[in-house]
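What follows is structure11.cif (mmCIF, C-alpha atoms, pLDDT in the B column; chains and numbers go by the auth columns).
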data_target
#
loop_
_atom_site.group_PDB
_atom_site.id
_atom_site.type_symbol
_atom_site.label_atom_id
_atom_site.label_comp_id
_atom_site.label_asym_id
_atom_site.label_seq_id
_atom_site.Cartn_x
_atom_site.Cartn_y
_atom_site.Cartn_z
_atom_site.B_iso_or_equiv
_atom_site.auth_seq_id
_atom_site.auth_asym_id
ATOM 1 C CA MET A 1 109.548 168.348 168.577 32.00 12 F
ATOM 2 C CA PHE A 2 112.723 169.125 166.609 27.00 13 F
ATOM 3 C CA LEU A 3 114.862 166.749 168.659 29.00 14 F
ATOM 4 C CA ASN A 4 112.346 163.962 168.177 33.00 15 F
ATOM 5 C CA PHE A 5 112.335 164.685 164.461 29.00 16 F
ATOM 6 C CA VAL A 6 116.151 164.440 164.195 32.00 17 F
ATOM 7 C CA TYR A 7 116.198 161.284 166.324 33.00 18 F
ATOM 8 C CA SER A 8 113.598 159.627 164.109 36.00 19 F
ATOM 9 C CA LYS A 9 115.729 160.466 161.051 39.00 20 F
ATOM 10 C CA MET A 10 118.742 158.769 162.611 40.00 21 F
ATOM 11 C CA ILE A 11 116.722 155.675 163.509 38.00 22 F
ATOM 12 C CA CYS A 12 115.485 155.552 159.924 41.00 23 F
ATOM 13 C CA LYS A 13 119.039 155.720 158.603 45.00 24 F
ATOM 14 C CA MET A 14 120.297 153.043 160.960 43.00 25 F
ATOM 15 C CA LEU A 15 117.450 150.659 160.148 40.00 26 F
ATOM 16 C CA VAL A 16 118.103 150.941 156.434 42.00 27 F
ATOM 17 C CA VAL A 17 121.842 150.499 156.902 46.00 28 F
ATOM 18 C CA TYR A 18 121.226 147.450 159.090 41.00 29 F
ATOM 19 C CA LYS A 19 119.255 145.883 156.260 41.00 30 F
ATOM 20 C CA ILE A 20 122.105 146.641 153.876 43.00 31 F
ATOM 21 C CA LEU A 21 124.589 144.913 156.152 42.00 32 F
ATOM 22 C CA LYS A 22 122.312 141.958 156.833 39.00 33 F
ATOM 23 C CA PHE A 23 121.493 141.247 153.210 39.00 34 F
ATOM 24 C CA LYS A 24 124.857 142.356 151.790 38.00 35 F
ATOM 25 C CA ILE A 25 123.683 145.026 149.382 38.00 36 F
ATOM 26 C CA VAL A 26 126.240 147.309 147.713 42.00 37 F
ATOM 27 C CA VAL A 27 128.761 148.617 150.249 43.00 38 F
ATOM 28 C CA PRO A 28 129.110 152.132 148.713 46.00 39 F
ATOM 29 C CA ALA A 29 125.397 152.550 149.335 46.00 40 F
ATOM 30 C CA ILE A 30 126.287 153.046 153.015 49.00 41 F
ATOM 31 C CA VAL A 31 127.559 156.495 152.095 49.00 42 F
ATOM 32 C CA ILE A 32 124.313 157.411 150.397 47.00 43 F
ATOM 33 C CA ILE A 33 122.238 156.073 153.298 46.00 44 F
ATOM 34 C CA LEU A 34 124.140 158.052 155.919 50.00 45 F
ATOM 35 C CA PHE A 35 123.904 161.346 154.068 50.00 46 F
ATOM 36 C CA HIS A 36 120.800 161.055 151.897 48.00 47 F
ATOM 37 C CA SER A 37 118.319 158.483 153.223 45.00 48 F
ATOM 38 C CA CYS A 38 115.301 159.843 155.105 45.00 49 F
ATOM 39 C CA ARG A 39 116.813 163.330 155.108 47.00 50 F
ATOM 40 C CA LYS A 40 114.740 166.487 155.511 46.00 51 F
ATOM 41 C CA GLU A 41 117.210 169.171 156.560 46.00 52 F
ATOM 42 C CA ASN A 42 115.256 172.105 155.154 49.00 53 F
ATOM 43 C CA VAL A 43 111.952 171.190 153.586 43.00 54 F
ATOM 44 C CA ASN A 44 109.397 173.309 151.784 46.00 55 F
ATOM 45 C CA ASP A 45 106.257 171.180 151.925 46.00 56 F
ATOM 46 C CA ASN A 46 104.465 173.351 149.377 47.00 57 F
ATOM 47 C CA ASN A 47 106.709 172.358 146.498 59.00 58 F
ATOM 48 C CA ASN A 48 108.474 169.288 147.905 73.00 59 F
ATOM 49 C CA VAL A 49 111.984 170.755 148.107 84.00 60 F
ATOM 50 C CA ASN A 50 114.905 169.413 150.173 88.00 61 F
ATOM 51 C CA THR A 51 118.111 171.345 150.843 90.00 62 F
ATOM 52 C CA VAL A 52 121.303 169.662 152.068 91.00 63 F
ATOM 53 C CA ASN A 53 124.737 171.156 152.848 94.00 64 F
ATOM 54 C CA TYR A 54 128.143 169.430 152.803 96.00 65 F
ATOM 55 C CA GLU A 55 131.622 170.535 153.806 97.00 66 F
ATOM 56 C CA ILE A 56 134.309 168.643 151.887 97.00 67 F
ATOM 57 C CA GLU A 57 138.025 168.507 152.644 97.00 68 F
ATOM 58 C CA LEU A 58 140.313 167.256 149.876 94.00 69 F
ATOM 59 C CA ASP A 59 143.981 167.299 148.954 93.00 70 F
ATOM 60 C CA LYS A 60 145.547 168.847 145.881 90.00 71 F
ATOM 61 C CA LYS A 61 145.089 165.552 144.025 90.00 72 F
ATOM 62 C CA TYR A 62 141.332 166.013 144.543 92.00 73 F
ATOM 63 C CA ARG A 63 141.262 162.997 146.873 94.00 74 F
ATOM 64 C CA LEU A 64 138.486 163.114 149.448 96.00 75 F
ATOM 65 C CA LEU A 65 139.771 163.450 153.014 96.00 76 F
ATOM 66 C CA LYS A 66 136.723 164.368 155.066 96.00 77 F
ATOM 67 C CA ILE A 67 133.036 165.001 154.419 96.00 78 F
ATOM 68 C CA THR A 68 130.796 166.642 157.010 96.00 79 F
ATOM 69 C CA GLN A 69 127.056 167.121 157.086 93.00 80 F
ATOM 70 C CA ASN A 70 125.595 169.127 159.956 83.00 81 F
ATOM 71 C CA ILE A 71 121.920 168.640 160.780 80.00 82 F
ATOM 72 C CA LEU A 72 122.069 170.252 164.193 77.00 83 F
ATOM 73 C CA PRO A 73 122.318 168.902 166.780 85.00 84 F
ATOM 74 C CA ASP A 74 123.626 165.945 164.735 89.00 85 F
ATOM 75 C CA VAL A 75 126.907 165.730 162.829 92.00 86 F
ATOM 76 C CA PHE A 76 127.672 163.056 160.242 93.00 87 F
ATOM 77 C CA ILE A 77 131.294 162.605 159.099 95.00 88 F
ATOM 78 C CA ILE A 78 133.129 160.381 156.651 95.00 89 F
ATOM 79 C CA SER A 79 136.935 160.404 156.896 96.00 90 F
ATOM 80 C CA TYR A 80 139.452 158.822 154.519 96.00 91 F
ATOM 81 C CA ASP A 81 142.999 157.631 155.222 95.00 92 F
ATOM 82 C CA TYR A 82 145.164 156.613 152.252 95.00 93 F
ATOM 83 C CA ASN A 83 148.024 154.121 152.358 94.00 94 F
ATOM 84 C CA ASP A 84 149.895 152.234 149.639 92.00 95 F
ATOM 85 C CA LYS A 85 148.008 149.000 150.295 96.00 96 F
ATOM 86 C CA VAL A 86 144.879 150.047 152.191 97.00 97 F
ATOM 87 C CA VAL A 87 142.369 152.888 152.177 97.00 98 F
ATOM 88 C CA ASN A 88 140.500 153.174 155.461 97.00 99 F
ATOM 89 C CA VAL A 89 137.123 154.916 155.501 96.00 100 F
ATOM 90 C CA VAL A 90 135.364 155.702 158.790 96.00 101 F
ATOM 91 C CA PHE A 91 131.731 156.804 159.222 94.00 102 F
ATOM 92 C CA THR A 92 130.866 158.627 162.439 94.00 103 F
ATOM 93 C CA TYR A 93 127.690 160.044 163.941 92.00 104 F
ATOM 94 C CA ASN A 94 128.073 162.628 166.716 92.00 105 F
ATOM 95 C CA GLY A 95 131.647 161.484 167.361 92.00 106 F
ATOM 96 C CA THR A 96 130.838 157.768 167.555 92.00 107 F
ATOM 97 C CA VAL A 97 132.066 155.383 164.873 92.00 108 F
ATOM 98 C CA GLN A 98 129.124 153.627 163.239 90.00 109 F
ATOM 99 C CA PHE A 99 130.939 151.874 160.375 91.00 110 F
ATOM 100 C CA SER A 100 134.433 151.427 159.046 94.00 111 F
ATOM 101 C CA GLU A 101 135.703 150.205 155.680 95.00 112 F
ATOM 102 C CA LYS A 102 139.067 148.663 154.936 96.00 113 F
ATOM 103 C CA ASN A 103 139.746 148.726 151.189 97.00 114 F
ATOM 104 C CA PHE A 104 142.640 146.467 150.123 98.00 115 F
ATOM 105 C CA LEU A 105 144.505 147.748 147.072 98.00 116 F
ATOM 106 C CA ASP A 106 146.099 145.821 144.214 97.00 117 F
ATOM 107 C CA ASP A 107 149.222 146.798 142.253 95.00 118 F
ATOM 108 C CA ARG A 108 147.226 149.400 140.291 95.00 119 F
ATOM 109 C CA GLY A 109 146.039 151.089 143.485 96.00 120 F
ATOM 110 C CA LEU A 110 142.509 149.720 143.034 98.00 121 F
ATOM 111 C CA ALA A 111 140.481 148.078 145.780 98.00 122 F
ATOM 112 C CA ASP A 112 140.070 144.404 144.912 96.00 123 F
ATOM 113 C CA SER A 113 138.165 143.778 148.143 97.00 124 F
ATOM 114 C CA CYS A 114 136.600 145.689 151.004 96.00 125 F
ATOM 115 C CA ILE A 115 135.685 144.664 154.546 96.00 126 F
ATOM 116 C CA LEU A 116 132.960 146.748 156.175 93.00 127 F
ATOM 117 C CA VAL A 117 132.554 146.487 159.935 92.00 128 F
ATOM 118 C CA SER A 118 129.519 147.857 161.755 88.00 129 F
ATOM 119 C CA ASN A 119 129.029 148.779 165.390 85.00 130 F
ATOM 120 C CA ILE A 120 125.312 148.040 165.072 78.00 131 F
ATOM 121 C CA PRO A 121 124.468 145.098 167.376 77.00 132 F
ATOM 122 C CA SER A 122 124.045 141.713 165.627 74.00 133 F
ATOM 123 C CA ALA A 123 125.288 143.091 162.284 76.00 134 F
ATOM 124 C CA ASN A 124 128.099 140.985 160.860 81.00 135 F
ATOM 125 C CA SER A 125 131.022 142.344 158.879 87.00 136 F
ATOM 126 C CA VAL A 126 130.555 142.357 155.105 91.00 137 F
ATOM 127 C CA THR A 127 133.223 141.538 152.496 95.00 138 F
ATOM 128 C CA THR A 128 132.825 142.817 148.943 95.00 139 F
ATOM 129 C CA HIS A 129 134.969 141.932 145.917 97.00 140 F
ATOM 130 C CA TYR A 130 135.504 144.166 142.892 97.00 141 F
ATOM 131 C CA LYS A 131 136.604 143.737 139.275 97.00 142 F
ATOM 132 C CA TYR A 132 137.917 146.372 136.845 98.00 143 F
ATOM 133 C CA ASN A 133 138.522 146.598 133.128 97.00 144 F
ATOM 134 C CA ILE A 134 141.886 147.280 131.500 96.00 145 F
ATOM 135 C CA ASP A 135 141.203 151.023 131.720 96.00 146 F
ATOM 136 C CA SER A 136 140.732 150.844 135.517 97.00 147 F
ATOM 137 C CA TYR A 137 136.958 151.360 135.534 98.00 148 F
ATOM 138 C CA LEU A 138 134.893 149.351 138.017 97.00 149 F
ATOM 139 C CA ILE A 139 132.871 146.752 136.099 97.00 150 F
ATOM 140 C CA TYR A 140 131.621 144.422 138.843 96.00 151 F
ATOM 141 C CA SER A 141 130.813 144.399 142.557 95.00 152 F
ATOM 142 C CA SER A 142 129.936 141.154 144.331 94.00 153 F
ATOM 143 C CA ALA A 143 127.593 143.069 146.640 87.00 154 F
ATOM 144 C CA GLY A 144 124.257 143.041 144.860 82.00 155 F
ATOM 145 C CA LEU A 145 125.896 141.423 141.798 90.00 156 F
ATOM 146 C CA GLN A 146 126.202 144.873 140.263 93.00 157 F
ATOM 147 C CA SER A 147 127.729 145.240 136.791 95.00 158 F
ATOM 148 C CA TYR A 148 128.764 148.558 135.236 96.00 159 F
ATOM 149 C CA ASN A 149 129.151 149.663 131.622 97.00 160 F
ATOM 150 C CA TYR A 150 131.019 152.666 130.207 98.00 161 F
ATOM 151 C CA LEU A 151 131.243 154.838 127.130 97.00 162 F
ATOM 152 C CA ASP A 152 133.743 157.647 126.481 97.00 163 F
ATOM 153 C CA GLY A 153 134.963 157.616 130.084 97.00 164 F
ATOM 154 C CA ASN A 154 131.516 157.718 131.695 98.00 165 F
ATOM 155 C CA ARG A 155 129.416 155.041 133.386 98.00 166 F
ATOM 156 C CA ILE A 156 126.312 154.604 131.244 98.00 167 F
ATOM 157 C CA SER A 157 124.592 151.872 133.248 96.00 168 F
ATOM 158 C CA ALA A 158 124.639 150.091 136.602 95.00 169 F
ATOM 159 C CA ILE A 159 122.753 146.806 136.289 94.00 170 F
ATOM 160 C CA ASP A 160 121.346 144.780 139.177 92.00 171 F
ATOM 161 C CA GLY A 161 122.439 141.225 138.393 90.00 172 F
ATOM 162 C CA SER A 162 120.375 139.709 141.199 87.00 173 F
ATOM 163 C CA TYR A 163 117.482 139.591 138.707 85.00 174 F
ATOM 164 C CA GLY A 164 119.494 137.377 136.344 80.00 175 F
ATOM 165 C CA PRO A 165 122.435 137.698 133.930 71.00 176 F
ATOM 166 C CA ALA A 166 120.282 139.432 131.292 74.00 177 F
ATOM 167 C CA SER A 167 118.639 141.860 133.716 82.00 178 F
ATOM 168 C CA TYR A 168 117.932 145.399 132.532 89.00 179 F
ATOM 169 C CA VAL A 169 116.958 146.547 136.043 92.00 180 F
ATOM 170 C CA GLY A 170 119.154 149.384 137.228 93.00 181 F
ATOM 171 C CA ASN A 171 120.314 152.938 136.612 95.00 182 F
ATOM 172 C CA TYR A 172 121.066 154.490 133.218 96.00 183 F
ATOM 173 C CA TYR A 173 123.096 157.691 132.866 98.00 184 F
ATOM 174 C CA GLU A 174 123.505 160.666 130.533 98.00 185 F
ATOM 175 C CA TYR A 175 126.239 163.295 130.908 98.00 186 F
ATOM 176 C CA SER A 176 126.911 167.000 130.554 97.00 187 F
ATOM 177 C CA SER A 177 130.016 168.528 128.949 97.00 188 F
ATOM 178 C CA SER A 178 131.347 169.735 132.344 97.00 189 F
ATOM 179 C CA LEU A 179 134.359 167.869 133.710 97.00 190 F
ATOM 180 C CA ASN A 180 134.024 165.827 136.902 97.00 191 F
ATOM 181 C CA TYR A 181 136.768 166.085 139.537 95.00 192 F
ATOM 182 C CA ILE A 182 135.297 164.340 142.592 95.00 193 F
ATOM 183 C CA ASP A 183 132.390 161.983 143.219 95.00 194 F
ATOM 184 C CA ILE A 184 129.561 163.974 144.800 94.00 195 F
ATOM 185 C CA GLU A 185 127.068 161.137 144.232 91.00 196 F
ATOM 186 C CA GLU A 186 128.522 158.363 146.411 90.00 197 F
ATOM 187 C CA PHE A 187 131.589 160.132 147.861 93.00 198 F
ATOM 188 C CA ARG A 188 133.907 157.368 146.683 90.00 199 F
ATOM 189 C CA GLY A 189 137.530 157.764 145.665 92.00 200 F
ATOM 190 C CA SER A 190 139.474 156.600 142.620 93.00 201 F
ATOM 191 C CA TYR A 191 140.578 153.537 144.613 96.00 202 F
ATOM 192 C CA LEU A 192 137.225 152.154 143.389 96.00 203 F
ATOM 193 C CA GLY A 193 138.112 152.831 139.765 97.00 204 F
ATOM 194 C CA ASN A 194 138.298 155.897 137.574 97.00 205 F
ATOM 195 C CA LEU A 195 135.624 158.493 138.191 97.00 206 F
ATOM 196 C CA ASN A 196 133.263 159.624 135.467 97.00 207 F
ATOM 197 C CA LYS A 197 134.875 162.057 133.037 97.00 208 F
ATOM 198 C CA ASN A 198 131.857 164.370 133.079 98.00 209 F
ATOM 199 C CA LEU A 199 129.115 165.448 135.474 98.00 210 F
ATOM 200 C CA ILE A 200 125.856 163.511 135.309 98.00 211 F
ATOM 201 C CA ALA A 201 123.070 165.274 133.402 98.00 212 F
ATOM 202 C CA ARG A 202 120.366 162.657 133.930 98.00 213 F
ATOM 203 C CA VAL A 203 119.971 159.310 135.651 97.00 214 F
ATOM 204 C CA SER A 204 116.984 157.050 134.962 96.00 215 F
ATOM 205 C CA TYR A 205 115.966 154.006 136.952 93.00 216 F
ATOM 206 C CA LYS A 206 114.229 151.077 135.262 92.00 217 F
ATOM 207 C CA GLY A 207 112.539 148.410 137.353 87.00 218 F
ATOM 208 C CA LEU A 208 110.819 145.123 136.614 83.00 219 F
ATOM 209 C CA HIS A 209 107.521 146.813 135.813 77.00 220 F
ATOM 210 C CA ALA A 210 106.625 149.813 133.675 66.00 221 F
ATOM 211 C CA GLY A 211 105.527 151.840 136.693 70.00 222 F
ATOM 212 C CA ASP A 212 108.765 151.282 138.607 79.00 223 F
ATOM 213 C CA GLY A 213 110.795 153.938 136.814 86.00 224 F
ATOM 214 C CA LYS A 214 112.009 157.360 137.823 92.00 225 F
ATOM 215 C CA SER A 215 114.241 159.992 136.271 95.00 226 F
ATOM 216 C CA THR A 216 116.424 162.712 137.794 96.00 227 F
ATOM 217 C CA VAL A 217 117.771 165.720 135.874 97.00 228 F
ATOM 218 C CA TYR A 218 120.744 167.653 137.310 98.00 229 F
ATOM 219 C CA ARG A 219 121.796 171.294 137.019 97.00 230 F
ATOM 220 C CA TYR A 220 125.064 172.635 138.467 98.00 231 F
ATOM 221 C CA GLU A 221 126.798 175.784 139.654 98.00 232 F
ATOM 222 C CA ILE A 222 130.586 175.431 139.396 97.00 233 F
ATOM 223 C CA ASN A 223 133.380 177.466 141.013 96.00 234 F
ATOM 224 C CA SER A 224 136.713 178.606 139.552 94.00 235 F
ATOM 225 C CA ASP A 225 138.365 175.309 140.585 91.00 236 F
ATOM 226 C CA GLY A 226 135.850 173.378 138.494 94.00 237 F
ATOM 227 C CA LEU A 227 134.091 172.017 141.576 97.00 238 F
ATOM 228 C CA VAL A 228 130.323 171.906 142.028 98.00 239 F
ATOM 229 C CA ILE A 229 129.137 174.392 144.649 98.00 240 F
ATOM 230 C CA GLN A 230 125.430 173.757 144.089 97.00 241 F
ATOM 231 C CA ARG A 231 123.510 170.926 142.448 97.00 242 F
ATOM 232 C CA THR A 232 119.790 171.011 141.737 97.00 243 F
ATOM 233 C CA ALA A 233 118.142 167.648 141.129 96.00 244 F
ATOM 234 C CA LEU A 234 114.618 167.318 139.753 96.00 245 F
ATOM 235 C CA THR A 235 113.186 163.815 140.161 94.00 246 F
ATOM 236 C CA THR A 236 110.020 162.578 138.471 93.00 247 F
ATOM 237 C CA TYR A 237 108.326 159.240 139.052 90.00 248 F
ATOM 238 C CA THR A 238 106.606 157.124 136.428 85.00 249 F
ATOM 239 C CA ARG A 239 104.022 155.695 138.795 80.00 250 F
ATOM 240 C CA ASP A 240 103.186 158.714 140.941 80.00 251 F
ATOM 241 C CA GLN A 241 103.870 162.230 139.681 73.00 252 F
ATOM 242 C CA THR A 242 102.656 163.697 142.976 78.00 253 F
ATOM 243 C CA ALA A 243 105.867 162.299 144.491 80.00 254 F
ATOM 244 C CA ASP A 244 108.061 164.445 142.238 88.00 255 F
ATOM 245 C CA GLN A 245 110.982 165.864 144.203 90.00 256 F
ATOM 246 C CA LYS A 246 113.430 168.763 144.011 94.00 257 F
ATOM 247 C CA ASP A 247 116.742 168.515 145.866 94.00 258 F
ATOM 248 C CA ILE A 248 119.210 171.361 146.251 95.00 259 F
ATOM 249 C CA THR A 249 122.663 170.361 147.489 95.00 260 F
ATOM 250 C CA ASN A 250 125.305 172.911 148.495 96.00 261 F
ATOM 251 C CA PHE A 251 129.002 172.094 148.701 97.00 262 F
ATOM 252 C CA LYS A 252 131.829 173.960 150.444 97.00 263 F
ATOM 253 C CA TYR A 253 135.441 172.896 149.887 97.00 264 F
ATOM 254 C CA LYS A 254 138.710 173.152 151.755 96.00 265 F
ATOM 255 C CA PHE A 255 142.053 172.031 150.340 94.00 266 F
ATOM 256 C CA VAL A 256 144.334 170.536 153.011 93.00 267 F
ATOM 257 C CA GLU A 257 147.636 168.680 153.050 80.00 268 F
ATOM 258 C CA GLN A 258 147.345 164.912 153.319 64.00 269 F
ATOM 259 C CA LYS A 259 149.754 163.279 155.775 60.00 270 F
ATOM 260 C CA LEU A 260 152.172 160.838 154.165 55.00 271 F
ATOM 261 C CA HIS A 261 152.559 157.289 155.510 53.00 272 F
#

Would you encode the structure as C-alpha cells?
Amino acid sequence: MFLNFVYSKMICKMLVVYKILKFKIVVPAIVIILFHSCRKENVNDNNNVNTVNYEIELDKKYRLLKITQNILPDVFIISYDYNDKVVNVVFTYNGTVQFSEKNFLDDRGLADSCILVSNIPSANSVTTHYKYNIDSYLIYSSAGLQSYNYLDGNRISAIDGSYGPASYVGNYYEYSSSLNYIDIEEFRGSYLGNLNKNLIARVSYKGLHAGDGKSTVYRYEINSDGLVIQRTALTTYTRDQTADQKDITNFKYKFVEQKLH
C-alpha cells in the first residue's frame, strides 16, 4: 500500500512536470513541482495538515549547494554547481537525473538565459530568457511571460502576462520584518536576481474570476544564524473553504565549503 502510494506521487509529479516542459511554463516551477506538488509526506486527514522536511547544504555566502527531501523509500535531490559563466542545477530522483538546468551568466553574474533538459521521453529542451532592472532584481521571464514588481527590496507581485499586457492575474506579496537569507520558496539562487530582503508574511493569488483566489499566511521559527528552521503556512481558498490547508515545513542546514573552479 505504502509503496503504491509513493509511486503514485512520483507519477503525479512527473506528469505535471511534463506539462510544464511541453507548454514552456516557468522553469523555476520545476523546483516547486519536484518538492511540493502532490506531496503528502505526513498527513493528518482530520485537520488537513501536511508536514515536509528538507536538508539544505550551503556555503558561507549562503549559496545553495544541495537540497534533499527524503520520502522513504524515495529521495529527491537538487544540486548546484557555480562557475563564473554558468550555474548548473541538477534534479535527481533516487539517484537518476530527471532534469538539468544550465544557467548562462552575464557580466553581473545574472542568468540571462537558461536551458532546461529533461530525461522524460518526448519532452524537448526548454530555453528561458530573463531580464533584470538596474538593481539586479528579476523583472521578466519569457517562460509564461511573467513580470515582477518590487518595493523596498521585496517582490510585491508576479503577474502572468499570458492573459494580456494589463493582466492582474498572479501572486501578490506582503512581508515580515525578518531578514531573508536564502530562497526557501523556489530554492533559486541570486544568479536569478537579488532575493527578497525580508521573509514573506502573506501571498495572495488573484485569478480571472472572483472565486479563483487564495491566500497563504506564513509563520516562522528562526535559528541563531537567521535561517528558517520551521515554516507554518495556512492557506485559505475563496471558492471552497473546506479545502483550507496547513503546511508545516522543517529545514535542517549544513554549511560546507564550495569547490572553486

*Hey, what's within 6 Å of region 85-88 of chain F if we count all atoms listed in the file and toss same-chain stuff fewer than 5 positions away? As number ranges by chain, please?*
F: 78-80, 102-105

*Select, from F:Val63, F:Ile82, F:Cys125, F:Ile150, the residue with the minimum atom-to-atom distance to Ala244 (chain F), counting only C-alpha atoms.*
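With only C-alpha atoms as the atom set, the closest residue is F:Val63.
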
_Please expand the PyMOL selection byres ((chain F and resi 216) around 8) into the concrete residues it hits in this file, giving the result as a ChimeraX atom specification._
/F:180-183,214-215,217-218,223-226

*Work out how far CA of Ala154 (chain F) is from CA of Arg119 (chain F), in Å to one decimal.*
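Calculated distance between CA of Arg119 (chain F) and CA of Ala154 (chain F) is 21.6 Å.
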
Residue members of the PyMOL selection byres ((chain F and resi 162-175) around 10) in the file shown, as a PDB file with C-alpha atoms, in the frame of the given file:
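To be explicit, this is the file written out as result39.pdb:
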ATOM      1  CA  ASP F 146     141.203 151.023 131.720  1.00 96.00           C
ATOM      2  CA  TYR F 148     136.958 151.360 135.534  1.00 98.00           C
ATOM      3  CA  LEU F 149     134.893 149.351 138.017  1.00 97.00           C
ATOM      4  CA  ILE F 150     132.871 146.752 136.099  1.00 97.00           C
ATOM      5  CA  TYR F 151     131.621 144.422 138.843  1.00 96.00           C
ATOM      6  CA  SER F 152     130.813 144.399 142.557  1.00 95.00           C
ATOM      7  CA  SER F 153     129.936 141.154 144.331  1.00 94.00           C
ATOM      8  CA  ALA F 154     127.593 143.069 146.640  1.00 87.00           C
ATOM      9  CA  GLY F 155     124.257 143.041 144.860  1.00 82.00           C
ATOM     10  CA  LEU F 156     125.896 141.423 141.798  1.00 90.00           C
ATOM     11  CA  GLN F 157     126.202 144.873 140.263  1.00 93.00           C
ATOM     12  CA  SER F 158     127.729 145.240 136.791  1.00 95.00           C
ATOM     13  CA  TYR F 159     128.764 148.558 135.236  1.00 96.00           C
ATOM     14  CA  ASN F 160     129.151 149.663 131.622  1.00 97.00           C
ATOM     15  CA  TYR F 161     131.019 152.666 130.207  1.00 98.00           C
ATOM     16  CA  PRO F 176     122.435 137.698 133.930  1.00 71.00           C
ATOM     17  CA  ALA F 177     120.282 139.432 131.292  1.00 74.00           C
ATOM     18  CA  SER F 178     118.639 141.860 133.716  1.00 82.00           C
ATOM     19  CA  TYR F 179     117.932 145.399 132.532  1.00 89.00           C
ATOM     20  CA  VAL F 180     116.958 146.547 136.043  1.00 92.00           C
ATOM     21  CA  GLY F 181     119.154 149.384 137.228  1.00 93.00           C
ATOM     22  CA  ASN F 182     120.314 152.938 136.612  1.00 95.00           C
ATOM     23  CA  TYR F 183     121.066 154.490 133.218  1.00 96.00           C
ATOM     24  CA  TYR F 184     123.096 157.691 132.866  1.00 98.00           C
ATOM     25  CA  GLU F 185     123.505 160.666 130.533  1.00 98.00           C
ATOM     26  CA  TYR F 186     126.239 163.295 130.908  1.00 98.00           C
ATOM     27  CA  ASN F 191     134.024 165.827 136.902  1.00 97.00           C
ATOM     28  CA  ASN F 205     138.298 155.897 137.574  1.00 97.00           C
ATOM     29  CA  LEU F 206     135.624 158.493 138.191  1.00 97.00           C
ATOM     30  CA  ASN F 207     133.263 159.624 135.467  1.00 97.00           C
ATOM     31  CA  LYS F 208     134.875 162.057 133.037  1.00 97.00           C
ATOM     32  CA  ASN F 209     131.857 164.370 133.079  1.00 98.00           C
ATOM     33  CA  LEU F 210     129.115 165.448 135.474  1.00 98.00           C
ATOM     34  CA  ILE F 211     125.856 163.511 135.309  1.00 98.00           C
ATOM     35  CA  VAL F 214     119.971 159.310 135.651  1.00 97.00           C
ATOM     36  CA  SER F 215     116.984 157.050 134.962  1.00 96.00           C
ATOM     37  CA  TYR F 216     115.966 154.006 136.952  1.00 93.00           C
ATOM     38  CA  LYS F 217     114.229 151.077 135.262  1.00 92.00           C
ATOM     39  CA  GLY F 218     112.539 148.410 137.353  1.00 87.00           C
ATOM     40  CA  LEU F 219     110.819 145.123 136.614  1.00 83.00           C
TER      41      LEU F 219
END

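Distances to Asn144 (chain F) were evaluated for F:Asn234, F:Tyr229, F:Lys265, F:Leu203 using only C-alpha atoms, and the minimum falls at F:Leu203.
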
*For each of F:Val98, F:Glu232, F:Pro84, F:Leu238, take the minimum atom-to-atom distance to Ile259 (chain F), counting all atoms listed in the file, then give the residue where this is smallest.*
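Among F:Val98, F:Glu232, F:Pro84, F:Leu238, it is F:Glu232 that comes nearest to Ile259 (chain F).
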
*Please provide as a list in words all residues within 12 Å of Ser201 (chain F), with the sequence filter that same-chain residues fewer than 6 positions apart are discarded (counting all atoms listed in the file).*
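Selected residues are Lys72, Tyr73, Arg74, Leu75, Tyr93, Val98, Asn114, Leu116, Arg119, Gly120, Leu121, Ala122, Tyr143, Ser147, Tyr148, Leu149, Tyr192, Ile193, Asp194, Asn207 and Lys208 of chain F.
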
Restricting the output to C-alpha atoms, write the selected residues as a tab-separated table (two decimals), keeping the file's coordinate frame.
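Output (again.tsv):
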chain	number	residue	atom	x	y	z
F	72	LYS	CA	145.09	165.55	144.02
F	73	TYR	CA	141.33	166.01	144.54
F	74	ARG	CA	141.26	163.00	146.87
F	75	LEU	CA	138.49	163.11	149.45
F	93	TYR	CA	145.16	156.61	152.25
F	98	VAL	CA	142.37	152.89	152.18
F	114	ASN	CA	139.75	148.73	151.19
F	116	LEU	CA	144.50	147.75	147.07
F	119	ARG	CA	147.23	149.40	140.29
F	120	GLY	CA	146.04	151.09	143.49
F	121	LEU	CA	142.51	149.72	143.03
F	122	ALA	CA	140.48	148.08	145.78
F	143	TYR	CA	137.92	146.37	136.84
F	147	SER	CA	140.73	150.84	135.52
F	148	TYR	CA	136.96	151.36	135.53
F	149	LEU	CA	134.89	149.35	138.02
F	192	TYR	CA	136.77	166.08	139.54
F	193	ILE	CA	135.30	164.34	142.59
F	194	ASP	CA	132.39	161.98	143.22
F	207	ASN	CA	133.26	159.62	135.47
F	208	LYS	CA	134.88	162.06	133.04
